[in-house]
>>> print(open('work11.tsv').read())   # TSV, C-alpha atoms
chain	number	residue	atom	x	y	z
A	97	GLN	CA	9.01	12.54	11.73
A	98	LYS	CA	12.53	11.26	11.17
A	99	LEU	CA	13.90	14.77	11.67
A	100	SER	CA	12.54	15.00	15.23
A	101	SER	CA	14.98	12.48	16.75
A	102	SER	CA	18.60	11.53	16.26
A	103	ILE	CA	17.69	7.89	16.97
A	104	ASN	CA	16.37	5.96	14.00
A	105	GLY	CA	16.90	2.37	15.13
A	106	ILE	CA	18.82	-0.01	17.34
A	107	ASP	CA	22.11	0.62	15.49
A	108	SER	CA	22.08	4.38	16.05
A	109	LEU	CA	21.03	3.78	19.67
A	110	ARG	CA	23.98	1.46	20.19
A	111	ALA	CA	26.43	3.91	18.58
A	112	ASN	CA	25.78	6.76	21.03
A	113	ASP	CA	26.30	6.89	24.80
A	114	GLU	CA	22.78	7.85	25.88
A	115	PRO	CA	20.88	5.80	28.51
A	116	ILE	CA	18.42	3.13	27.39
A	117	GLY	CA	15.30	2.05	29.25
A	118	TYR	CA	14.02	-1.52	29.50
A	119	GLN	CA	11.33	-3.44	31.37
A	120	VAL	CA	12.54	-5.00	34.60
A	121	GLY	CA	12.31	-8.79	34.51
A	122	SER	CA	12.25	-9.14	30.73
A	123	PHE	CA	14.88	-10.73	28.53
A	124	VAL	CA	15.73	-7.33	27.00
A	125	GLN	CA	18.56	-6.57	29.45
A	126	GLN	CA	20.37	-9.79	28.63
A	127	TYR	CA	19.71	-9.36	24.93
A	128	LEU	CA	21.15	-5.83	24.83
A	129	THR	CA	24.28	-6.69	26.80
A	130	GLU	CA	25.10	-10.09	25.27
A	131	GLU	CA	23.73	-9.83	21.73
A	132	ARG	CA	24.10	-6.10	21.03
A	133	HIS	CA	27.16	-5.55	23.25
A	134	ILE	CA	25.75	-2.47	24.96
A	135	ASP	CA	27.39	-1.53	28.24
A	136	GLU	CA	25.18	-2.44	31.20
A	137	SER	CA	25.83	0.93	32.84
A	138	ARG	CA	23.71	2.55	30.11
A	139	LEU	CA	20.65	0.45	30.91
A	140	VAL	CA	17.93	1.85	33.16
A	141	GLY	CA	15.33	-0.55	34.55
A	142	LEU	CA	11.68	0.57	34.51
A	143	ASN	CA	8.68	-1.17	36.07
A	144	SER	CA	5.53	0.29	34.52
A	145	PRO	CA	4.22	2.30	31.57
A	146	GLU	CA	3.99	5.33	33.84
A	147	GLU	CA	7.73	5.06	34.55
A	148	TYR	CA	8.30	4.73	30.80
A	149	ALA	CA	6.56	8.05	30.18
A	150	ASP	CA	8.23	9.86	33.09
A	151	ALA	CA	11.71	8.67	32.13
A	152	LEU	CA	11.28	9.77	28.51
A	153	ARG	CA	9.82	13.16	29.41
A	154	GLN	CA	12.48	13.90	32.05
A	155	GLY	CA	15.31	12.80	29.77
A	156	ARG	CA	16.51	9.99	32.07
A	157	VAL	CA	16.48	7.72	29.01
A	158	SER	CA	16.68	8.57	25.33
A	159	ALA	CA	14.74	5.49	24.23
A	160	ILE	CA	13.09	2.35	25.58
A	161	VAL	CA	13.62	-1.11	24.16
A	162	ASP	CA	10.84	-3.60	24.84
A	163	GLU	CA	8.75	-6.26	23.18
A	164	HIS	CA	6.49	-4.98	20.44
A	165	PRO	CA	3.11	-5.77	22.04
A	166	TYR	CA	4.13	-3.98	25.24
A	167	ILE	CA	5.30	-0.94	23.28
A	168	GLU	CA	2.03	-0.83	21.31
A	169	LEU	CA	0.05	-1.05	24.54
A	170	PHE	CA	2.13	1.79	25.96
A	171	LEU	CA	1.63	3.96	22.86
A	172	SER	CA	-2.13	3.39	22.89
A	173	SER	CA	-2.34	5.73	25.89
A	174	GLN	CA	0.75	7.92	25.29
A	175	CYS	CA	0.45	10.20	22.26
A	176	ASP	CA	3.79	12.00	22.71
A	177	PHE	CA	6.00	9.06	21.70
A	178	ARG	CA	6.44	6.80	18.70
A	179	ILE	CA	8.28	3.75	17.44
A	180	VAL	CA	11.46	4.32	15.42
A	181	GLY	CA	13.27	1.79	13.28
A	182	GLU	CA	12.22	-1.77	12.58
A	183	GLU	CA	11.86	-4.83	14.76
A	184	PHE	CA	15.21	-6.47	15.25
A	185	THR	CA	14.03	-9.84	16.61
A	186	ARG	CA	11.47	-12.15	15.04
A	187	GLY	CA	11.02	-14.77	17.74
A	188	GLY	CA	7.44	-13.93	18.62
A	189	TRP	CA	5.32	-15.48	21.34
A	190	GLY	CA	3.90	-18.98	21.67
A	191	PHE	CA	2.18	-21.51	23.90
A	192	ALA	CA	4.19	-24.30	25.53
A	193	PHE	CA	2.76	-27.81	25.97
A	194	PRO	CA	4.25	-31.05	27.21
A	195	ARG	CA	5.80	-33.23	24.55
A	196	ASP	CA	3.22	-35.18	22.48
A	197	SER	CA	0.34	-33.25	24.01
A	198	PRO	CA	-2.94	-33.73	22.08
A	199	LEU	CA	-3.70	-30.01	22.56
A	200	THR	CA	-0.81	-28.88	20.35
A	201	PRO	CA	-2.36	-29.52	16.89
A	202	ASP	CA	-5.80	-28.35	18.02
A	203	LEU	CA	-4.50	-25.03	19.36
A	204	SER	CA	-2.23	-24.52	16.34
A	205	THR	CA	-5.21	-25.07	14.03
A	206	ALA	CA	-7.36	-22.67	16.02
A	207	ILE	CA	-4.71	-19.93	15.91
A	208	LEU	CA	-4.28	-20.47	12.16
A	209	LYS	CA	-8.03	-20.07	11.60
A	210	LEU	CA	-8.07	-16.86	13.66
A	211	SER	CA	-5.26	-15.50	11.55
A	212	GLU	CA	-6.89	-16.46	8.25
A	213	ASN	CA	-10.33	-15.01	8.96
A	214	GLY	CA	-8.93	-11.75	10.37
A	215	ASP	CA	-9.99	-12.24	14.00
A	216	LEU	CA	-6.42	-11.82	15.27
A	217	GLN	CA	-6.15	-8.43	13.57
A	218	ARG	CA	-9.52	-7.35	14.96
A	219	ILE	CA	-8.44	-8.37	18.47
A	220	ARG	CA	-5.26	-6.37	18.08
A	221	ASP	CA	-7.12	-3.32	16.80
A	222	LYS	CA	-9.61	-3.52	19.65
A	223	TRP	CA	-7.08	-3.63	22.47
A	224	LEU	CA	-4.07	-1.80	21.08
A	225	THR	CA	-5.18	0.86	18.58
A	226	THR	CA	-8.53	2.16	19.91
A	227	SER	CA	-7.36	5.17	21.88
A	228	SER	CA	-7.49	8.92	21.99
A	229	CYS	CA	-4.23	8.98	20.06
A	230	SER	CA	-5.77	7.33	17.01
A	231	GLU	CA	-8.75	9.68	17.16
A	232	ASP	CA	-6.62	12.80	17.32
A	233	ASN	CA	-4.12	11.36	14.81
A	234	THR	CA	-1.50	12.09	17.50
A	235	GLU	CA	0.41	15.30	18.02
A	236	ILE	CA	3.49	13.95	16.23
A	237	GLU	CA	1.55	12.97	13.13
A	238	SER	CA	-0.14	16.37	13.09
A	239	ASN	CA	3.31	17.94	12.73
A	240	GLN	CA	3.95	16.12	9.46
A	241	LEU	CA	4.29	18.15	6.28
A	242	HIS	CA	1.13	18.30	4.18
A	243	PRO	CA	0.23	20.42	1.12
A	244	ARG	CA	-1.54	22.85	3.42
A	245	SER	CA	1.79	23.37	5.21
A	246	PHE	CA	2.98	25.20	2.08
A	247	LEU	CA	-0.17	27.30	1.70
A	248	GLY	CA	1.73	30.54	2.36
A	249	LEU	CA	4.38	29.65	-0.22
A	250	PHE	CA	1.78	28.73	-2.83
A	251	LEU	CA	-0.13	31.94	-2.10
A	252	LEU	CA	3.01	34.07	-2.46
A	253	CYS	CA	3.96	32.41	-5.75
A	254	GLY	CA	0.41	32.78	-7.09
A	255	ILE	CA	0.23	36.48	-6.20
A	256	SER	CA	3.64	37.09	-7.79
A	257	CYS	CA	2.58	35.32	-11.00
A	258	VAL	CA	-0.70	37.25	-11.19
A	259	ILE	CA	1.08	40.59	-10.67
A	260	ALA	CA	3.70	39.73	-13.31
A	261	LEU	CA	1.06	38.66	-15.84
A	262	THR	CA	-1.04	41.75	-15.13
A	263	ILE	CA	1.94	44.05	-15.73
A	264	TYR	CA	2.86	42.16	-18.90
A	265	PHE	CA	-0.63	42.27	-20.44
A	266	THR	CA	-1.04	45.91	-19.45
A	267	LYS	CA	2.10	46.77	-21.38
A	268	ILE	CA	0.93	44.66	-24.33
A	269	CYS	CA	-2.47	46.39	-24.37
A	270	ARG	CA	-0.87	49.85	-24.26
A	271	ARG	CA	1.42	48.99	-27.16
A	272	PHE	CA	-1.51	47.48	-29.06
A	273	HIS	CA	-3.59	50.64	-28.73
A	274	ARG	CA	-0.62	52.77	-29.74
A	275	VAL	CA	0.07	50.61	-32.80
A	276	SER	CA	-3.64	50.57	-33.69
A	277	ARG	CA	-3.83	54.36	-33.67
A	278	THR	CA	-0.66	54.63	-35.72
A	279	ALA	CA	-1.81	52.09	-38.29
A	280	GLY	CA	-5.31	53.58	-38.38
A	281	ILE	CA	-7.11	50.29	-37.86
A	282	SER	CA	-10.86	50.84	-37.82
A	283	ASP	CA	-13.11	49.35	-35.18
A	284	PHE	CA	-15.67	48.22	-37.75
A	285	GLY	CA	-15.75	45.26	-40.10
A	286	GLY	CA	-14.52	41.68	-39.95
A	287	THR	CA	-11.28	42.51	-41.79
A	288	SER	CA	-10.27	45.08	-39.18
A	289	SER	CA	-11.02	42.57	-36.39
A	290	ARG	CA	-8.68	40.05	-38.01
A	291	ARG	CA	-6.05	42.74	-38.43
A	292	ARG	CA	-6.38	43.74	-34.80
A	293	LEU	CA	-6.06	40.12	-33.72
A	294	GLN	CA	-3.02	39.62	-35.93
A	295	THR	CA	-1.47	42.79	-34.55
A	296	LEU	CA	-2.06	41.65	-30.98
A	297	ILE	CA	-0.56	38.20	-31.66
A	298	SER	CA	2.47	39.76	-33.36
A	299	LEU	CA	3.07	41.98	-30.34
A	300	ILE	CA	2.88	39.03	-27.95
A	301	ASP	CA	5.14	36.92	-30.18
A	302	GLU	CA	7.58	39.75	-30.84
A	303	LYS	CA	11.24	38.96	-30.17
A	304	LYS	CA	13.09	40.87	-27.52
A	305	GLU	CA	15.65	43.44	-28.59
A	306	PRO	CA	19.28	42.33	-28.28
A	307	SER	CA	20.80	42.98	-24.92
A	308	LYS	CA	23.48	45.60	-24.40
A	309	LYS	CA	26.20	42.97	-24.29
A	310	ARG	CA	24.99	41.44	-27.55
A	311	ARG	CA	24.76	44.87	-29.25
A	312	LYS	CA	28.28	45.67	-28.09
A	313	THR	CA	29.53	42.35	-29.53
A	314	GLU	CA	27.82	43.01	-32.86
A	315	LYS	CA	29.30	46.51	-32.98
A	316	TYR	CA	32.76	45.11	-32.27
A	317	GLU	CA	32.38	42.54	-35.06
A	318	GLU	CA	31.37	45.26	-37.53
A	319	SER	CA	34.34	47.55	-36.71
A	320	PRO	CA	36.91	45.79	-39.03
A	321	LEU	CA	34.62	46.43	-41.98
A	322	ASP	CA	34.64	50.13	-41.20
A	323	GLY	CA	38.44	50.05	-41.09
A	324	ASP	CA	38.54	48.40	-44.49
A	325	LYS	CA	36.36	51.15	-45.90
A	326	ASP	CA	38.74	53.78	-44.53
A	327	GLY	CA	41.70	51.95	-46.06
A	328	VAL	CA	40.04	51.87	-49.46
A	329	SER	CA	39.30	55.60	-49.32
A	330	VAL	CA	42.93	56.38	-48.48
A	331	ARG	CA	44.27	54.27	-51.31
A	332	THR	CA	41.82	55.87	-53.73
A	333	HIS	CA	42.98	59.29	-52.65
A	334	GLN	CA	46.62	58.30	-53.24
A	335	ARG	CA	45.81	57.00	-56.67
A	336	GLN	CA	44.14	60.31	-57.50
A	337	GLN	CA	47.32	62.13	-56.50
A	338	THR	CA	49.61	59.96	-58.63
A	339	PRO	CA	48.29	61.14	-62.00
A	340	ALA	CA	48.46	64.71	-60.76
A	341	SER	CA	52.20	64.35	-60.06
A	342	SER	CA	52.81	62.75	-63.42
A	343	ASP	CA	50.95	65.60	-65.11
A	344	GLY	CA	53.14	68.01	-63.25
A	345	ASN	CA	56.26	66.29	-64.58
A	346	ASP	CA	54.96	66.48	-68.12
A	347	ASN	CA	54.21	70.14	-67.70
>>> encode(input="work11.tsv", output="structure tokens")
Amino acid sequence: QKLSSSINGIDSLRANDEPIGYQVGSFVQQYLTEERHIDESRLVGLNSPEEYADALRQGRVSAIVDEHPYIELFLSSQCDFRIVGEEFTRGGWGFAFPRDSPLTPDLSTAILKLSENGDLQRIRDKWLTTSSCSEDNTEIESNQLHPRSFLGLFLLCGISCVIALTIYFTKICRRFHRVSRTAGISDFGGTSSRRRLQTLISLIDEKKEPSKKRRKTEKYEESPLDGDKDGVSVRTHQRQQTPASSDGNDN
């Protein structure tokens, strides 16, 4: 999902020059200009969730900044969009009462109980997450990579491995039959079965022949020894001629 948009949070949104949508009448405009130092000319005011969707689809804004509950309510009916980045304010919402109001502790206690027994989460799920988007798992989520996305790759690798193994064992079997005929291994008796099994294992475990480069290196290393043998033969021939010359002088 992160690859589908160049915007991954408020910082990347502030760094570029693309227009930003916000809800008219909310504190977001003042927050973006005074706290985040975003030029006011980049801000585009929008009045309804329908305008949110139209502005994003038409490219009039690259993103919309709004309070989290409003965004969740918008996404509950719009499956083509998603939230990027993390929340960058933690103020939250609350109820205001006159100073020293007797309702303050009672309401605070009631909200705390709703939070502890899970009623607040159930209320949120009922009004914000029950939608066609959650049932269809959304179009964006369906584009995520899953193991089945690589089915073609796995199939290609599996077929290649099967073909390679088939060729290898075919060659091994042909060599085994050829060696069996040469060695004259009989098809009867437990001893011959063990011999056939040992022969097959030895063929599978057989070392590869040295490569051409390695054979050339070995041949090069052996060449000085051949030269030494030639030198010895020449010196032996000279020594055989020396007594002949001395015999000639005596004669």
>>> closest_residue(input="work11.tsv", among="A:Thr262, A:Leu299, A:Cys257, A:Val124", to="Arg274 in chain A", atoms="all atoms listed in the file")
A:Leu299
>>> atom_distance(input="work11.tsv", atom1="CA of Ile179 in chain A", atom2="CA of Ile167 in chain A")
8.1 Å
>>> closest_residue(input="work11.tsv", among="A:Ser289, A:Pro201, A:Tyr118, A:Thr295", to="Cys269 in chain A", atoms="all atoms listed in the file")
A:Thr295
>>> atom_distance(input="work11.tsv", atom1="CA of Glu302 in chain A", atom2="CA of Phe265 in chain A")
13.5 Å
>>> closest_residue(input="work11.tsv", among="A:Leu210, A:Leu169, A:Leu261, A:Leu203", to="Trp223 in chain A", atoms="all atoms listed in the file")
A:Leu169
>>> atom_distance(input="work11.tsv", atom1="CA of Leu109 in chain A", atom2="CA of Tyr127 in chain A")
14.2 Å
>>> closest_residue(input="work11.tsv", among="A:Asp113, A:Asp150, A:Ser122, A:Gly248", to="Arg138 in chain A", atoms="all atoms listed in the file")
A:Asp113
>>> closest_residue(input="work11.tsv", among="A:Gly155, A:Pro243, A:Gly190, A:Pro145", to="Leu171 in chain A", atoms="all atoms listed in the file")
A:Pro145
>>> closest_residue(input="work11.tsv", among="A:Ala159, A:Leu208, A:Ile300, A:Leu152", to="Asn104 in chain A", atoms="only C-alpha atoms")
A:Ala159
>>> residues_around(input="work11.tsv", residues="Glu114 in chain A", least_positions_apart="6", cutoff="12 Å", atoms="all atoms listed in the file", output="PDB file with C-alpha atoms, in the coordinates of the input")
ATOM      1  CA  SER A 102      18.600  11.530  16.260  1.00  0.00           C
ATOM      2  CA  ILE A 103      17.690   7.890  16.970  1.00  0.00           C
ATOM      3  CA  SER A 108      22.080   4.380  16.050  1.00  0.00           C
ATOM      4  CA  ILE A 134      25.750  -2.470  24.960  1.00  0.00           C
ATOM      5  CA  ASP A 135      27.390  -1.530  28.240  1.00  0.00           C
ATOM      6  CA  GLU A 136      25.180  -2.440  31.200  1.00  0.00           C
ATOM      7  CA  SER A 137      25.830   0.930  32.840  1.00  0.00           C
ATOM      8  CA  ARG A 138      23.710   2.550  30.110  1.00  0.00           C
ATOM      9  CA  LEU A 139      20.650   0.450  30.910  1.00  0.00           C
ATOM     10  CA  VAL A 140      17.930   1.850  33.160  1.00  0.00           C
ATOM     11  CA  LEU A 152      11.280   9.770  28.510  1.00  0.00           C
ATOM     12  CA  GLY A 155      15.310  12.800  29.770  1.00  0.00           C
ATOM     13  CA  ARG A 156      16.510   9.990  32.070  1.00  0.00           C
ATOM     14  CA  VAL A 157      16.480   7.720  29.010  1.00  0.00           C
ATOM     15  CA  SER A 158      16.680   8.570  25.330  1.00  0.00           C
ATOM     16  CA  ALA A 159      14.740   5.490  24.230  1.00  0.00           C
ATOM     17  CA  ILE A 160      13.090   2.350  25.580  1.00  0.00           C
TER      18      ILE A 160
END
>>> axis_aligned_box(input="work11.tsv", around="range 199-205 of chain A", padding_each_side="5 Å", output="lines of an AutoDock Vina configuration file")
center_x = -3.3
center_y = -27.3
center_z = 18.3
size_x = 15.0
size_y = 15.5
size_z = 18.5
>>> residues_around(input="work11.tsv", residues="Glu147 in chain A", least_positions_apart="5", cutoff="10 Å", atoms="all atoms listed in the file", output="PyMOL selection string")
chain A and resi 117+119+141-142+152-153
